[in-house]
>>> print(open('start-v1.pdb').read())   # PDB, C-alpha atoms
ATOM      1  CA  TYR I   1     146.523-225.288-208.753  1.00  0.00           C
ATOM      2  CA  ILE I   2     145.408-226.881-211.989  1.00  0.00           C
ATOM      3  CA  ASP I   3     143.413-230.064-212.441  1.00  0.00           C
ATOM      4  CA  VAL I   4     145.088-232.851-214.391  1.00  0.00           C
ATOM      5  CA  PRO I   5     142.296-235.329-215.216  1.00  0.00           C
ATOM      6  CA  ARG I   6     144.487-238.030-216.788  1.00  0.00           C
ATOM      7  CA  ARG I   7     147.941-238.718-218.170  1.00  0.00           C
ATOM      8  CA  THR I   8     148.994-235.350-219.641  1.00  0.00           C
ATOM      9  CA  MET I   9     152.158-233.818-221.090  1.00  0.00           C
ATOM     10  CA  LEU I  10     152.732-230.271-219.796  1.00  0.00           C
ATOM     11  CA  SER I  11     155.324-227.608-220.508  1.00  0.00           C
ATOM     12  CA  VAL I  12     157.492-226.813-217.477  1.00  0.00           C
ATOM     13  CA  PRO I  13     159.879-223.834-217.283  1.00  0.00           C
ATOM     14  CA  GLY I  14     163.485-224.913-217.796  1.00  0.00           C
ATOM     15  CA  TYR I  15     162.640-228.080-219.747  1.00  0.00           C
ATOM     16  CA  GLU I  16     162.788-228.332-223.518  1.00  0.00           C
ATOM     17  CA  GLN I  17     160.492-231.362-223.606  1.00  0.00           C
ATOM     18  CA  PRO I  18     157.032-231.581-222.005  1.00  0.00           C
ATOM     19  CA  VAL I  19     156.797-233.421-218.676  1.00  0.00           C
ATOM     20  CA  GLU I  20     154.226-236.137-217.989  1.00  0.00           C
ATOM     21  CA  PHE I  21     151.778-235.682-215.095  1.00  0.00           C
ATOM     22  CA  GLY I  22     148.597-237.479-214.058  1.00  0.00           C
ATOM     23  CA  VAL I  23     150.196-240.909-214.060  1.00  0.00           C
ATOM     24  CA  LEU I  24     150.601-243.327-211.163  1.00  0.00           C
ATOM     25  CA  THR I  25     153.806-245.375-211.327  1.00  0.00           C
ATOM     26  CA  SER I  26     154.002-248.657-209.412  1.00  0.00           C
ATOM     27  CA  PHE I  27     157.242-250.318-208.368  1.00  0.00           C
ATOM     28  CA  ALA I  28     158.393-252.954-205.919  1.00  0.00           C
ATOM     29  CA  TYR I  29     160.646-252.740-202.897  1.00  0.00           C
ATOM     30  CA  PRO I  30     162.341-256.116-202.233  1.00  0.00           C
ATOM     31  CA  LEU I  31     162.089-257.397-198.669  1.00  0.00           C
ATOM     32  CA  GLU I  32     165.399-257.530-196.831  1.00  0.00           C
ATOM     33  CA  ASP I  33     164.934-261.161-195.825  1.00  0.00           C
ATOM     34  CA  GLY I  34     164.384-262.240-199.417  1.00  0.00           C
ATOM     35  CA  SER I  35     160.848-263.459-198.731  1.00  0.00           C
ATOM     36  CA  GLY I  36     159.167-261.315-201.361  1.00  0.00           C
ATOM     37  CA  GLU I  37     158.368-257.724-202.222  1.00  0.00           C
ATOM     38  CA  ILE I  38     155.948-254.925-201.447  1.00  0.00           C
ATOM     39  CA  VAL I  39     154.557-252.771-204.253  1.00  0.00           C
ATOM     40  CA  VAL I  40     153.973-249.031-203.851  1.00  0.00           C
ATOM     41  CA  ALA I  41     152.651-246.400-206.255  1.00  0.00           C
ATOM     42  CA  THR I  42     153.523-242.735-206.732  1.00  0.00           C
ATOM     43  CA  THR I  43     152.929-239.797-209.066  1.00  0.00           C
ATOM     44  CA  ARG I  44     156.483-238.600-208.336  1.00  0.00           C
ATOM     45  CA  PRO I  45     158.882-241.520-208.898  1.00  0.00           C
ATOM     46  CA  GLU I  46     161.938-239.303-208.400  1.00  0.00           C
ATOM     47  CA  THR I  47     161.057-238.812-204.730  1.00  0.00           C
ATOM     48  CA  MET I  48     161.742-242.483-204.011  1.00  0.00           C
ATOM     49  CA  LEU I  49     165.350-241.360-203.562  1.00  0.00           C
ATOM     50  CA  GLY I  50     164.189-239.813-200.270  1.00  0.00           C
ATOM     51  CA  ASP I  51     161.926-242.639-199.090  1.00  0.00           C
ATOM     52  CA  THR I  52     162.527-243.631-195.472  1.00  0.00           C
ATOM     53  CA  ALA I  53     159.580-245.974-194.852  1.00  0.00           C
ATOM     54  CA  VAL I  54     156.814-247.991-196.461  1.00  0.00           C
ATOM     55  CA  ALA I  55     153.491-247.673-194.631  1.00  0.00           C
ATOM     56  CA  VAL I  56     150.651-250.208-194.494  1.00  0.00           C
ATOM     57  CA  HIS I  57     147.356-250.206-192.622  1.00  0.00           C
ATOM     58  CA  PRO I  58     147.630-252.175-189.358  1.00  0.00           C
ATOM     59  CA  GLU I  59     144.364-254.012-190.160  1.00  0.00           C
ATOM     60  CA  ASP I  60     145.228-254.925-193.749  1.00  0.00           C
ATOM     61  CA  PRO I  61     145.560-258.742-193.812  1.00  0.00           C
ATOM     62  CA  ARG I  62     147.656-258.618-196.998  1.00  0.00           C
ATOM     63  CA  TYR I  63     150.593-257.199-195.086  1.00  0.00           C
ATOM     64  CA  SER I  64     150.193-258.570-191.564  1.00  0.00           C
ATOM     65  CA  ALA I  65     153.218-260.834-192.024  1.00  0.00           C
ATOM     66  CA  MET I  66     155.349-257.844-193.032  1.00  0.00           C
ATOM     67  CA  HIS I  67     154.858-255.732-189.906  1.00  0.00           C
ATOM     68  CA  GLY I  68     158.235-254.709-188.532  1.00  0.00           C
ATOM     69  CA  LYS I  69     160.187-256.001-191.511  1.00  0.00           C
ATOM     70  CA  PHE I  70     162.511-253.993-193.726  1.00  0.00           C
ATOM     71  CA  VAL I  71     162.881-253.447-197.453  1.00  0.00           C
ATOM     72  CA  VAL I  72     166.094-252.570-199.260  1.00  0.00           C
ATOM     73  CA  HIS I  73     166.337-249.368-201.290  1.00  0.00           C
ATOM     74  CA  PRO I  74     167.396-250.425-204.805  1.00  0.00           C
ATOM     75  CA  VAL I  75     169.442-247.266-205.455  1.00  0.00           C
ATOM     76  CA  ASN I  76     171.534-246.911-202.294  1.00  0.00           C
ATOM     77  CA  GLY I  77     170.939-250.118-200.320  1.00  0.00           C
ATOM     78  CA  ARG I  78     169.409-248.269-197.364  1.00  0.00           C
ATOM     79  CA  ARG I  79     167.263-250.341-194.966  1.00  0.00           C
ATOM     80  CA  ILE I  80     163.717-248.977-194.959  1.00  0.00           C
ATOM     81  CA  PRO I  81     161.214-250.056-192.292  1.00  0.00           C
ATOM     82  CA  ILE I  82     157.676-251.203-193.002  1.00  0.00           C
ATOM     83  CA  ILE I  83     155.499-249.251-190.567  1.00  0.00           C
ATOM     84  CA  CYS I  84     151.814-249.447-189.615  1.00  0.00           C
ATOM     85  CA  ASP I  85     149.841-246.223-189.924  1.00  0.00           C
ATOM     86  CA  ALA I  86     146.039-246.114-190.083  1.00  0.00           C
ATOM     87  CA  GLU I  87     146.024-242.342-190.541  1.00  0.00           C
ATOM     88  CA  LEU I  88     148.120-242.217-193.720  1.00  0.00           C
ATOM     89  CA  VAL I  89     147.097-245.427-195.464  1.00  0.00           C
ATOM     90  CA  ASP I  90     143.833-246.028-197.297  1.00  0.00           C
ATOM     91  CA  MET I  91     143.597-249.802-197.763  1.00  0.00           C
ATOM     92  CA  SER I  92     141.272-249.395-200.759  1.00  0.00           C
ATOM     93  CA  PHE I  93     143.628-247.167-202.761  1.00  0.00           C
ATOM     94  CA  GLY I  94     146.273-248.665-205.010  1.00  0.00           C
ATOM     95  CA  THR I  95     148.118-251.563-203.436  1.00  0.00           C
ATOM     96  CA  GLY I  96     147.385-250.436-199.891  1.00  0.00           C
ATOM     97  CA  ALA I  97     151.097-249.818-199.334  1.00  0.00           C
ATOM     98  CA  VAL I  98     152.441-246.257-199.330  1.00  0.00           C
ATOM     99  CA  LYS I  99     155.984-245.010-199.854  1.00  0.00           C
ATOM    100  CA  VAL I 100     156.864-242.390-197.242  1.00  0.00           C
ATOM    101  CA  THR I 101     159.057-239.410-198.175  1.00  0.00           C
ATOM    102  CA  PRO I 102     158.931-237.140-195.102  1.00  0.00           C
ATOM    103  CA  ALA I 103     161.070-234.350-196.587  1.00  0.00           C
ATOM    104  CA  HIS I 104     158.947-233.879-199.706  1.00  0.00           C
ATOM    105  CA  ASP I 105     155.275-234.366-198.866  1.00  0.00           C
ATOM    106  CA  PRO I 106     153.115-232.701-196.169  1.00  0.00           C
ATOM    107  CA  ASN I 107     151.271-235.899-195.215  1.00  0.00           C
ATOM    108  CA  ASP I 108     154.510-237.873-195.180  1.00  0.00           C
ATOM    109  CA  PHE I 109     156.056-235.149-193.028  1.00  0.00           C
ATOM    110  CA  THR I 110     153.495-235.662-190.256  1.00  0.00           C
ATOM    111  CA  THR I 111     153.869-239.431-190.641  1.00  0.00           C
ATOM    112  CA  GLY I 112     157.620-239.043-190.257  1.00  0.00           C
ATOM    113  CA  LYS I 113     157.070-237.094-187.051  1.00  0.00           C
ATOM    114  CA  ARG I 114     154.717-239.758-185.660  1.00  0.00           C
ATOM    115  CA  HIS I 115     157.172-242.574-186.356  1.00  0.00           C
ATOM    116  CA  ASN I 116     160.448-240.732-185.809  1.00  0.00           C
ATOM    117  CA  LEU I 117     161.592-241.372-189.374  1.00  0.00           C
ATOM    118  CA  GLU I 118     164.647-239.947-191.094  1.00  0.00           C
ATOM    119  CA  PHE I 119     164.052-236.827-193.198  1.00  0.00           C
ATOM    120  CA  ILE I 120     166.141-236.945-196.382  1.00  0.00           C
ATOM    121  CA  ASN I 121     166.069-233.918-198.688  1.00  0.00           C
ATOM    122  CA  ILE I 122     166.989-234.920-202.247  1.00  0.00           C
ATOM    123  CA  PHE I 123     166.791-231.518-203.993  1.00  0.00           C
ATOM    124  CA  ASP I 124     169.003-228.441-204.021  1.00  0.00           C
ATOM    125  CA  ASP I 125     167.607-224.927-204.415  1.00  0.00           C
ATOM    126  CA  ASN I 126     167.807-225.171-208.213  1.00  0.00           C
ATOM    127  CA  GLY I 127     165.617-228.254-208.429  1.00  0.00           C
ATOM    128  CA  LEU I 128     168.555-230.545-209.074  1.00  0.00           C
ATOM    129  CA  ILE I 129     169.166-233.837-207.298  1.00  0.00           C
ATOM    130  CA  ASN I 130     171.661-233.301-204.471  1.00  0.00           C
ATOM    131  CA  ASP I 131     174.262-235.581-202.852  1.00  0.00           C
ATOM    132  CA  ASN I 132     171.525-237.859-201.472  1.00  0.00           C
ATOM    133  CA  GLY I 133     170.615-238.917-205.005  1.00  0.00           C
ATOM    134  CA  SER I 134     173.570-241.255-205.594  1.00  0.00           C
ATOM    135  CA  GLN I 135     174.167-241.654-209.339  1.00  0.00           C
ATOM    136  CA  PHE I 136     171.331-239.234-210.126  1.00  0.00           C
ATOM    137  CA  LYS I 137     173.122-236.299-208.470  1.00  0.00           C
ATOM    138  CA  GLY I 138     173.054-233.101-210.537  1.00  0.00           C
ATOM    139  CA  GLN I 139     170.089-234.077-212.685  1.00  0.00           C
ATOM    140  CA  PRO I 140     166.980-231.874-213.005  1.00  0.00           C
ATOM    141  CA  ARG I 141     164.113-233.348-211.002  1.00  0.00           C
ATOM    142  CA  PHE I 142     161.900-234.223-213.960  1.00  0.00           C
ATOM    143  CA  LYS I 143     164.744-235.759-215.936  1.00  0.00           C
ATOM    144  CA  THR I 144     165.337-237.929-212.880  1.00  0.00           C
ATOM    145  CA  ARG I 145     161.649-238.909-212.962  1.00  0.00           C
ATOM    146  CA  VAL I 146     162.240-240.571-216.345  1.00  0.00           C
ATOM    147  CA  GLU I 147     165.647-241.975-215.331  1.00  0.00           C
ATOM    148  CA  ILE I 148     164.257-243.550-212.155  1.00  0.00           C
ATOM    149  CA  VAL I 149     161.555-245.387-214.096  1.00  0.00           C
ATOM    150  CA  GLU I 150     164.169-246.709-216.512  1.00  0.00           C
ATOM    151  CA  PHE I 151     166.365-247.743-213.571  1.00  0.00           C
ATOM    152  CA  LEU I 152     163.462-249.639-211.992  1.00  0.00           C
ATOM    153  CA  LYS I 153     162.768-251.411-215.267  1.00  0.00           C
ATOM    154  CA  GLU I 154     166.410-252.472-215.524  1.00  0.00           C
ATOM    155  CA  LYS I 155     166.281-253.835-211.967  1.00  0.00           C
ATOM    156  CA  GLY I 156     163.074-255.750-212.646  1.00  0.00           C
ATOM    157  CA  LEU I 157     161.172-253.674-210.057  1.00  0.00           C
ATOM    158  CA  PHE I 158     158.866-251.683-212.345  1.00  0.00           C
ATOM    159  CA  ARG I 159     155.235-252.797-212.007  1.00  0.00           C
ATOM    160  CA  GLY I 160     153.348-250.519-214.418  1.00  0.00           C
ATOM    161  CA  THR I 161     151.560-247.181-214.788  1.00  0.00           C
ATOM    162  CA  ALA I 162     147.954-245.996-214.702  1.00  0.00           C
ATOM    163  CA  ASP I 163     146.103-242.745-215.311  1.00  0.00           C
ATOM    164  CA  ASN I 164     145.604-240.787-212.099  1.00  0.00           C
ATOM    165  CA  ALA I 165     143.592-237.583-211.775  1.00  0.00           C
ATOM    166  CA  MET I 166     145.481-235.048-209.655  1.00  0.00           C
ATOM    167  CA  ARG I 167     145.814-231.404-208.706  1.00  0.00           C
ATOM    168  CA  LEU I 168     149.128-229.824-209.613  1.00  0.00           C
ATOM    169  CA  GLY I 169     150.447-226.820-207.698  1.00  0.00           C
ATOM    170  CA  LEU I 170     151.986-224.102-209.869  1.00  0.00           C
ATOM    171  CA  CYS I 171     153.819-220.917-208.903  1.00  0.00           C
ATOM    172  CA  SER I 172     151.592-217.932-209.697  1.00  0.00           C
ATOM    173  CA  ARG I 173     154.562-216.015-211.117  1.00  0.00           C
ATOM    174  CA  SER I 174     156.828-218.481-212.907  1.00  0.00           C
ATOM    175  CA  LYS I 175     154.230-221.229-213.569  1.00  0.00           C
ATOM    176  CA  ASP I 176     156.843-223.725-212.404  1.00  0.00           C
ATOM    177  CA  VAL I 177     155.678-226.835-210.547  1.00  0.00           C
ATOM    178  CA  ILE I 178     155.790-226.321-206.783  1.00  0.00           C
ATOM    179  CA  GLU I 179     157.993-228.807-204.953  1.00  0.00           C
ATOM    180  CA  PRO I 180     157.504-229.432-201.215  1.00  0.00           C
ATOM    181  CA  VAL I 181     160.949-229.073-199.615  1.00  0.00           C
ATOM    182  CA  LEU I 182     162.078-228.705-196.004  1.00  0.00           C
ATOM    183  CA  LYS I 183     163.318-225.173-195.295  1.00  0.00           C
ATOM    184  CA  PRO I 184     164.153-223.234-192.115  1.00  0.00           C
ATOM    185  CA  GLN I 185     161.159-221.129-191.047  1.00  0.00           C
ATOM    186  CA  TRP I 186     160.229-218.509-188.466  1.00  0.00           C
ATOM    187  CA  TRP I 187     157.385-219.594-186.180  1.00  0.00           C
ATOM    188  CA  VAL I 188     155.239-218.004-183.506  1.00  0.00           C
ATOM    189  CA  ASN I 189     154.238-220.267-180.618  1.00  0.00           C
ATOM    190  CA  CYS I 190     150.477-219.798-180.311  1.00  0.00           C
ATOM    191  CA  LYS I 191     149.704-222.202-177.452  1.00  0.00           C
ATOM    192  CA  ASP I 192     149.733-219.623-174.639  1.00  0.00           C
ATOM    193  CA  MET I 193     147.656-217.133-176.635  1.00  0.00           C
ATOM    194  CA  ALA I 194     145.150-219.840-177.525  1.00  0.00           C
ATOM    195  CA  ALA I 195     144.853-221.005-173.915  1.00  0.00           C
ATOM    196  CA  LYS I 196     144.245-217.426-172.704  1.00  0.00           C
ATOM    197  CA  SER I 197     141.650-216.895-175.435  1.00  0.00           C
ATOM    198  CA  CYS I 198     139.770-220.039-174.402  1.00  0.00           C
ATOM    199  CA  GLN I 199     139.861-219.046-170.739  1.00  0.00           C
ATOM    200  CA  ALA I 200     138.561-215.561-171.580  1.00  0.00           C
ATOM    201  CA  VAL I 201     135.414-217.062-173.092  1.00  0.00           C
ATOM    202  CA  ARG I 202     134.957-219.544-170.255  1.00  0.00           C
ATOM    203  CA  ASP I 203     135.142-216.871-167.528  1.00  0.00           C
ATOM    204  CA  GLY I 204     132.964-214.383-169.444  1.00  0.00           C
ATOM    205  CA  THR I 205     135.704-211.806-170.123  1.00  0.00           C
ATOM    206  CA  LEU I 206     135.112-212.347-173.830  1.00  0.00           C
ATOM    207  CA  GLU I 207     131.672-213.037-175.297  1.00  0.00           C
ATOM    208  CA  ILE I 208     131.135-214.874-178.585  1.00  0.00           C
ATOM    209  CA  ILE I 209     128.072-213.608-180.459  1.00  0.00           C
ATOM    210  CA  PRO I 210     126.080-215.563-181.440  1.00  0.00           C
ATOM    211  CA  LYS I 211     126.762-218.038-178.655  1.00  0.00           C
ATOM    212  CA  GLU I 212     126.378-221.107-180.878  1.00  0.00           C
ATOM    213  CA  PHE I 213     129.775-220.261-182.396  1.00  0.00           C
ATOM    214  CA  GLU I 214     131.561-220.946-179.116  1.00  0.00           C
ATOM    215  CA  PRO I 215     132.248-224.593-180.088  1.00  0.00           C
ATOM    216  CA  VAL I 216     133.960-223.346-183.257  1.00  0.00           C
ATOM    217  CA  TRP I 217     136.109-221.017-181.165  1.00  0.00           C
ATOM    218  CA  PHE I 218     137.190-223.819-178.849  1.00  0.00           C
ATOM    219  CA  ARG I 219     137.680-226.347-181.664  1.00  0.00           C
ATOM    220  CA  TRP I 220     140.170-224.076-183.406  1.00  0.00           C
ATOM    221  CA  LEU I 221     142.015-222.798-180.370  1.00  0.00           C
ATOM    222  CA  GLU I 222     142.228-226.096-178.494  1.00  0.00           C
ATOM    223  CA  ASN I 223     143.882-227.595-181.579  1.00  0.00           C
ATOM    224  CA  ILE I 224     146.089-224.607-182.357  1.00  0.00           C
ATOM    225  CA  ARG I 225     149.340-225.016-184.268  1.00  0.00           C
ATOM    226  CA  ASP I 226     152.384-222.804-184.384  1.00  0.00           C
ATOM    227  CA  TRP I 227     152.013-219.933-186.876  1.00  0.00           C
ATOM    228  CA  CYS I 228     154.552-219.756-189.695  1.00  0.00           C
ATOM    229  CA  ILE I 229     155.375-216.087-190.314  1.00  0.00           C
ATOM    230  CA  SER I 230     158.085-216.595-192.951  1.00  0.00           C
ATOM    231  CA  ARG I 231     157.106-216.636-196.616  1.00  0.00           C
ATOM    232  CA  GLN I 232     158.729-218.059-199.715  1.00  0.00           C
ATOM    233  CA  LEU I 233     157.897-218.093-203.416  1.00  0.00           C
TER     234      LEU I 233
END
>>> encode(input="start-v1.pdb", output="structure tokens")
Amino acid sequence: YIDVPRRTMLSVPGYEQPVEFGVLTSFAYPLEDGSGEIVVATTRPETMLGDTAVAVHPEDPRYSAMHGKFVVHPVNGRRIPIICDAELVDMSFGTGAVKVTPAHDPNDFTTGKRHNLEFINIFDDNGLINDNGSQFKGQPRFKTRVEIVEFLKEKGLFRGTADNAMRLGLCSRSKDVIEPVLKPQWWVNCKDMAAKSCQAVRDGTLEIIPKEFEPVWFRWLENIRDWCISRQL
């Protein structure tokens, strides 16, 4: 990872021109019923092609009248629900409304699972926009970033940009920007092993030394997740 403190142009493998990072782009989703709009912000405008929800905090009074409504995707016309999620949304950050792209963000992935959202992958293995990208199909991802912003401006949905400090994940070998993408994986189910390990401490078969670390043992194993044993670069 590298720290990007503000709006910065960086060289990316495969691109002749530097790519801009550290900028937060705001745009509006029009409400389906024509009653207004809801503004979201993102550091990756191209991922809006895979948005399947807009999330707001259930206690945010600014959006209480929008609970359960839908917005219309300006690129493909898809109906996108407005969902309430106190875990994902920080009311004090940005507009308090969050675009949700379950196929391309770890936090959005878990949100998608909680709300049974659609997972739409917009990239192929070469970093190009795939069939889900409508008229942007075949474009490199960071070219699409620029094209999406221009598209939003043409549609009257662009709402501005602002500097945004961020951490950018880079491949240790190629120095390319890492892109979260859904891929098939091999997993080991750890629930039975974790349960047996907890029981072993409870019945004295296994002793944790020093004893004050027992709560740590139980905290990890009682909240165990499946172990991913496949690796990709």
>>> atom_distance(input="start-v1.pdb", atom1="CA of Met48 in chain I", atom2="CA of Ile148 in chain I")
8.6 Å
>>> residues_around(input="start-v1.pdb", residues="range 55-64 of chain I", least_positions_apart="3", cutoff="10 Å", atoms="all atoms listed in the file", output="list of chain:residue names")
I:Ile38, I:Val40, I:Thr52, I:His67, I:Gly68, I:Pro81, I:Ile82, I:Ile83, I:Cys84, I:Asp85, I:Ala86, I:Glu87, I:Leu88, I:Val89, I:Asp90, I:Met91, I:Ser92, I:Thr95, I:Gly96, I:Ala97, I:Val98, I:Lys99, I:Val100, I:Asp108, I:Thr111
>>> resolve_selection(input="start-v1.pdb", expression="the PyMOL selection byres ((chain I and resi 6) around 6)", output="PyMOL selection string")
chain I and resi 4-5+7-8+22+163-165
>>> axis_aligned_box(input="start-v1.pdb", around="range 182-189 of chain I", padding_each_side="8 Å", output="lines of an AutoDock Vina configuration file")
center_x = 159.2
center_y = -223.4
center_z = -188.3
size_x = 25.9
size_y = 26.7
size_z = 31.4
>>> closest_atom_pairs(input="start-v1.pdb", of="range 116-173 of chain I", to="range 11-18 of chain I", cutoff="12 Å", atoms="only C-alpha atoms", output="CSV")
residue,atom,partner,partner_atom,distance
I:Asn126,CA,I:Gly14,CA,10.5
I:Gly127,CA,I:Gly14,CA,10.2
I:Leu128,CA,I:Gly14,CA,11.6
I:Gln139,CA,I:Tyr15,CA,11.9
I:Pro140,CA,I:Tyr15,CA,8.9
I:Arg141,CA,I:Tyr15,CA,10.3
I:Phe142,CA,I:Tyr15,CA,8.5
I:Lys143,CA,I:Tyr15,CA,8.8
I:Val146,CA,I:Pro18,CA,11.8
I:Leu168,CA,I:Val12,CA,11.9
I:Leu170,CA,I:Val12,CA,9.8
I:Cys171,CA,I:Pro13,CA,10.7
I:Arg173,CA,I:Pro13,CA,11.3
